[in-house]
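One structure is given here, and the rest of the page talks about it.
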Amino acid sequence: MATEILMPALSPTMEEGTLAKWLKNEGDTVAAGDIIAEIETDKATMEFEAVDEGILGKILVPAGTAGVKVNTPIAVLVEEGESADDVKPASPKADAPAPAAPVSAVEEAPHPVKAADTTPDWPEGTEMKSMTVREALREAMAEEMRGDASVYLMGEEVGEYQGAYKISQGLLDEFGAKRVIDTPITEHGFAGIAVGSAFGGLRPIVEFMTFNFAMQAIDQIINSAAKTLYMSGGQMGCPIVFRGPNGAAARVAAQHSQDYAAWYAQIPGLKVVMPYSAADAKGLLKSAIRDPNPVIFLENEILYGRSFDVPVLDDFTIPFGKAKIWREGTDVTLVSFGIGMAHTLEAADKLAEQGISAEVIDLRTLRPIDYDTVLTSVMKTNRCVTVEEGWPVGSIGNHLSAVIMERAFDYLDAPVINCTGKDVPMPYAANLEKLALITSDEVVDAVKKVTYR
Amino acid sequence: MAARKGSEASNASKANISKDDLLTYYRDMLLIRRFEEKAGQLYGMGLIGGFCHLYIGQEAVVVGLEAAAEDGDKRITSYRDHGHMLACGMDPKGVMAELTGREGGLSKGKGGSMHMFSKEKHFYGGHGIVGAQVPLGAGLAFADKYNENGRVTFTYFGDGAANQGQVYETFNMAALWKLPVIFVIENNQYAMGTAQKRSTSTPDLYTRGEAFGIPGEIVDGMDVLAVKAAGEKAVAHCRAGDGPYILEVKTYRYRGHSMSDPAKYRTREEVQKMREERDAIEHVRELLLAGKHATEDELKAIDKEIKAVVNESAEFAKESPEPALSELWTDIYADDAAQA
Ligand SMILES: Cc1ncc(C[n+]2csc(CCOP(=O)(O)OP(=O)(O)O)c2C)c(N)n1
Ligand SMILES: [Mg+2]
């Protein structure tokens with residue numbers, strides 16, 4: 001059967017090209033794989049091979065023709081005894097898929113603000129005990145490892161050394177070297193191994209000694225862990241927790257003091273948690289380990305030793321996407337997370353002394369974010385200040401400001417102010433470091449601005 | 001532990017190859033070749049877009065190693081993945097429809113040529129970042145060892161990928177933890193336009209595990225029987241609990257790196273010589289004919305049968321509708337039921 005040879009697309013962006021040269025003449029026999037022509041694209045001259053065998057019956061586009069559109073018939077291939085006029089046009093247009101129904105691909109228009117979820121994190125009257133964030137994290141891991149044999153912990157110094165920050169103290173003794181694994185200093189490699197083992201059905205907890213070193217592994221976290229479920233059309237999930245201290249510690253300078261909250265929060269496919277209190281650290285880490293998705297769990301070295309009340313419950317978890325209102329107020333909404341909460345609560349105390357009533361919201365998780373709680377509060381107070389340790393450009397505060405503007409514009413009595421770390425690498429000098437970090441006084445000043453006092 | 005050249009085992013086991021085995025390899029390799037040729041054609045027609053890396057020329061590597069694998073063994077590779085998927089039994093229709101980005105594709109059209117997966121066939125992708133699949137493959141092996149299920153993982157990567165740092169991080173941990181992983185270096189002698197000798201200080205990649213105590217072997221990747229024999233040896237090593245194994249399989253890709261590669265970094269003659277003198281499919285074809293295992297007519301019938309399978313996959317790939325627009329928002333997170 002005579003078939004048309006079509007002008008091929010030879011690159012992802014090619015729409016037309018020049019038929020530079022025919023290497024076969026009419027009447028020549030052509031075998032599959034023979035080069036029949038040279039075609040110039042905007043980038044290169046490419047050899048064009050025959051896919052089928054036959055005889056070059058007729059050349060439709062002569063050599064030297066420029067601007068030949070992709071899929072234009074350029075020649076006719078015939079079989080022995082056929083004529084080029086017997087051609088049955090290969091109609092590429094018939095192959096084009098029917099366009100999918102013009103449903104909007106954009107997520108639905110701004111949803112109305114839903115009532116914030118105000119159910120308490122634990123039943124009233126639950127017994128409480130004081131515990132450090134460090135102990136809470138360790139308990140969460142130990143409990144989940146007891147409950148699920150597929151959970152294991154991997155990282156540098158997590159085993160014999162008992163953890164660089166002692167979060168994994170005692171875990172090697174209880175669970176053995178099979179499940180508490182010391183790695184070489186090879187973040188990219190072991191993050192990849194852990195992701196692979198999650199594809200293989202395990203539930204790894206990867207401890208980065210600090211999140212600064214997760215930069216070595218960022219490709220595996222984002223390209224492998226976060227995207228594979230999507231790329232596989234839902235087949236291959238990656239239940240994994242990447243955890244460790246994030247943000248500035250004290251006097252460790254630029255390469256070891258960085259808040260990655262906004263970085264990870266940008267990635268669809270990741271969940272991002274940044275707890276402040278010990279109860280949240282415990283309840284959220286347990287949820288993270290059970291979550292079927294990759295979770296970035298951002299801890300803070302300075303908070304490790306702080307004590308908070310934690311409920312005494314057999315199985316205590318906190319769901320993602322539910323903010324916590326630490327303090328109710330009427331004049332301004334303060335939104336923060338992680339160690340930012342320490343400055344924010346301190347600022348709220350100072351403000352109260354000056355007669356300003358601040359509502360303080362701890363986001364707890366940055367992906368998903370509990371917009372409803374924030375918006376509900378802003379609709380009440382009509383003013384908002386966000387507080388975080390990270391840099392100002394592309395911050396979580398920037399994002400919240402945009403959402404508030406879009407969904408609660410009419411309720412605002414002042415622009416939202418974002419209190420952030422200064423736009424500089426972290427200096428080493430004690431005085432400069434202090435300047436670079438966010439303080440409660442800066443929060444107080446911002447609140448005065450938005451309340452016009 | 002020393003790496004060594006040549007594979008005596010391959011000659012020994014060649015004698016044991018049955019007619020049925022030979023016919024199976026012939027069929028499997030031919031399916032890959034015809035499928036890839038069709039993919040190239042559909043690319044030319046604009047039905048496949050973006051990057052599309054064909055496996056033509058390398059068929060014996062994956063077919064030989066699949067012959068050494070058992071049910072439940074795992075495999076993972078790079079973006080040059082169509083051959084691996086077909087060889088492990090994934091549906092040609094699903095692969096081709098993924099290439100055309102349609103609903104019927106193995107990733108519902110959301111992964112494309114470089115990103116397909118099959119839990120059922122233990123195929124773990126399809127990865128676009130050079131070298132990234134190497135630790136992932138070791139991780140799969142880590143899970144198998146953890147679960148004590150006796151499985152091995154075939155982790156494929158290229159001669160170019162072999163220079164990535166994470167490969168050596170992985171070699172060290174895989175050896176340290178005795179992971180049942182076979183590192184298959186598909187040395188097709190080029191990384192895009194870079195000939196191997198222009199990128200590597202020492203050309204013998206099979207020796208790259210020596211510093212970690214990982215045995216390695218060089219294998220003729222144009223001889224499916226040699227590949228199978230080497231694969232069996234590596235599998236036995238892994239299953240015995242002796243840790244990882246490296247196979248440097250010498251092969252050759254006939255086509256450009258991807259569809260838009262004019263391949264000016266090598267001569268037409270070099271390609272032609274490999275095709276004429278070392279073609280892996282021709283090799284099996286000759287064995288079949290010489291051993292009187294099949295007649296020309298029987299082989300023609302197989303060709304026809306394969307062509308029909310490939311054409312059917314192409315038809316399916318053209319007719320399958322594009323994914324629903326609502327798919328944009330699905331599969332970002334796994335079902336949260338487990339969290340409740
Ligand atoms: C980290 C990274 N760097 C660069 C690229 C671009 N790139 C894609 S394939 C390739 C060549 C790889 O060659 P090789 O490992 O020999 O595999 P082959 O294509 O020959 O199968 C390059 C440089 C990439 N995808 N990822
Ligand atoms: Mg290569």
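All residue names refer to the structure tokens as shown: chains lettered A, B, ... in order, residues numbered from 1 in each chain, ligands numbered from 1 in order.
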| message | What are the residues of chain B lining chain A at 6 Å or less? Count only C-alpha atoms, and put the answer as a PyMOL selection string. | response | chain B and resi 44-45+49-50+107-108+110-111+116-117+135-136+138-140+143+166+169-170+260+262+318+325+331-334+339
| Quick one: residues within 7 Å of ligand 2, with only C-alpha atoms and all ligand atoms, as a PyMOL selection string? | chain B and resi 158-160+186-192
Output N, CA, C and O atoms for every residue in the selection just made, as a PDB file, in the first residue's frame.
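Output file out-v8.pdb is given in full below:
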```
ATOM      1  N   GLY B 158      23.730   4.627  33.378  1.00  0.00           N
ATOM      2  CA  GLY B 158      24.586   4.754  32.206  1.00  0.00           C
ATOM      3  C   GLY B 158      26.044   5.020  32.549  1.00  0.00           C
ATOM      4  O   GLY B 158      26.406   5.243  33.708  1.00  0.00           O
ATOM      5  N   ASP B 159      26.857   5.004  31.516  1.00  0.00           N
ATOM      6  CA  ASP B 159      28.274   5.306  31.700  1.00  0.00           C
ATOM      7  C   ASP B 159      28.464   6.743  32.166  1.00  0.00           C
ATOM      8  O   ASP B 159      29.376   7.055  32.922  1.00  0.00           O
ATOM      9  N   GLY B 160      27.567   7.633  31.744  1.00  0.00           N
ATOM     10  CA  GLY B 160      27.643   9.020  32.205  1.00  0.00           C
ATOM     11  C   GLY B 160      27.271   9.123  33.674  1.00  0.00           C
ATOM     12  O   GLY B 160      27.955   9.777  34.467  1.00  0.00           O
ATOM     13  N   GLU B 186      24.969   0.329  32.102  1.00  0.00           N
ATOM     14  CA  GLU B 186      24.753   0.132  30.670  1.00  0.00           C
ATOM     15  C   GLU B 186      25.715   1.074  29.957  1.00  0.00           C
ATOM     16  O   GLU B 186      25.380   2.236  29.712  1.00  0.00           O
ATOM     17  N   ASN B 187      26.872   0.556  29.639  1.00  0.00           N
ATOM     18  CA  ASN B 187      27.882   1.397  29.005  1.00  0.00           C
ATOM     19  C   ASN B 187      27.657   1.403  27.491  1.00  0.00           C
ATOM     20  O   ASN B 187      28.171   0.559  26.766  1.00  0.00           O
ATOM     21  N   ASN B 188      26.878   2.382  27.055  1.00  0.00           N
ATOM     22  CA  ASN B 188      26.640   2.509  25.608  1.00  0.00           C
ATOM     23  C   ASN B 188      27.651   3.484  24.986  1.00  0.00           C
ATOM     24  O   ASN B 188      27.492   3.928  23.864  1.00  0.00           O
ATOM     25  N   GLN B 189      28.654   3.785  25.765  1.00  0.00           N
ATOM     26  CA  GLN B 189      29.834   4.521  25.306  1.00  0.00           C
ATOM     27  C   GLN B 189      29.646   6.020  25.096  1.00  0.00           C
ATOM     28  O   GLN B 189      30.597   6.731  24.783  1.00  0.00           O
ATOM     29  N   TYR B 190      28.449   6.485  25.280  1.00  0.00           N
ATOM     30  CA  TYR B 190      28.208   7.924  25.156  1.00  0.00           C
ATOM     31  C   TYR B 190      27.243   8.395  26.239  1.00  0.00           C
ATOM     32  O   TYR B 190      26.283   7.707  26.564  1.00  0.00           O
ATOM     33  N   ALA B 191      27.517   9.584  26.748  1.00  0.00           N
ATOM     34  CA  ALA B 191      26.568  10.278  27.611  1.00  0.00           C
ATOM     35  C   ALA B 191      26.197  11.526  26.822  1.00  0.00           C
ATOM     36  O   ALA B 191      27.022  12.423  26.665  1.00  0.00           O
ATOM     37  N   MET B 192      24.996  11.520  26.263  1.00  0.00           N
ATOM     38  CA  MET B 192      24.629  12.514  25.257  1.00  0.00           C
ATOM     39  C   MET B 192      25.730  12.529  24.193  1.00  0.00           C
ATOM     40  O   MET B 192      25.983  11.513  23.577  1.00  0.00           O
TER      41      MET B 192
END
```
| request: Could you pull out the residues in range 50-209 of chain B that DSSP calls strand (DSSP E) from the backbone, as number ranges by chain? | output: B: 74-78, 123-127, 153-158, 181-187, 190-191, 194-195
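Residues in contact range of Ile56 in chain B, defined as at most 10 Å between only C-alpha atoms, with sequence neighbours fewer than 4 positions away removed, read Met29, Leu30, Ile32, Arg33, Arg34, Phe35, Glu36, Glu37, Ala60, His82, Gly83, Tyr252, Arg253, Tyr254, Arg255 and Gly256 of chain B.
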| query | Interatomic distance between CA of Ala195 in chain B and atom 7 (N, counted along the ligand's line) of ligand 1? | reply | 13.6 Å
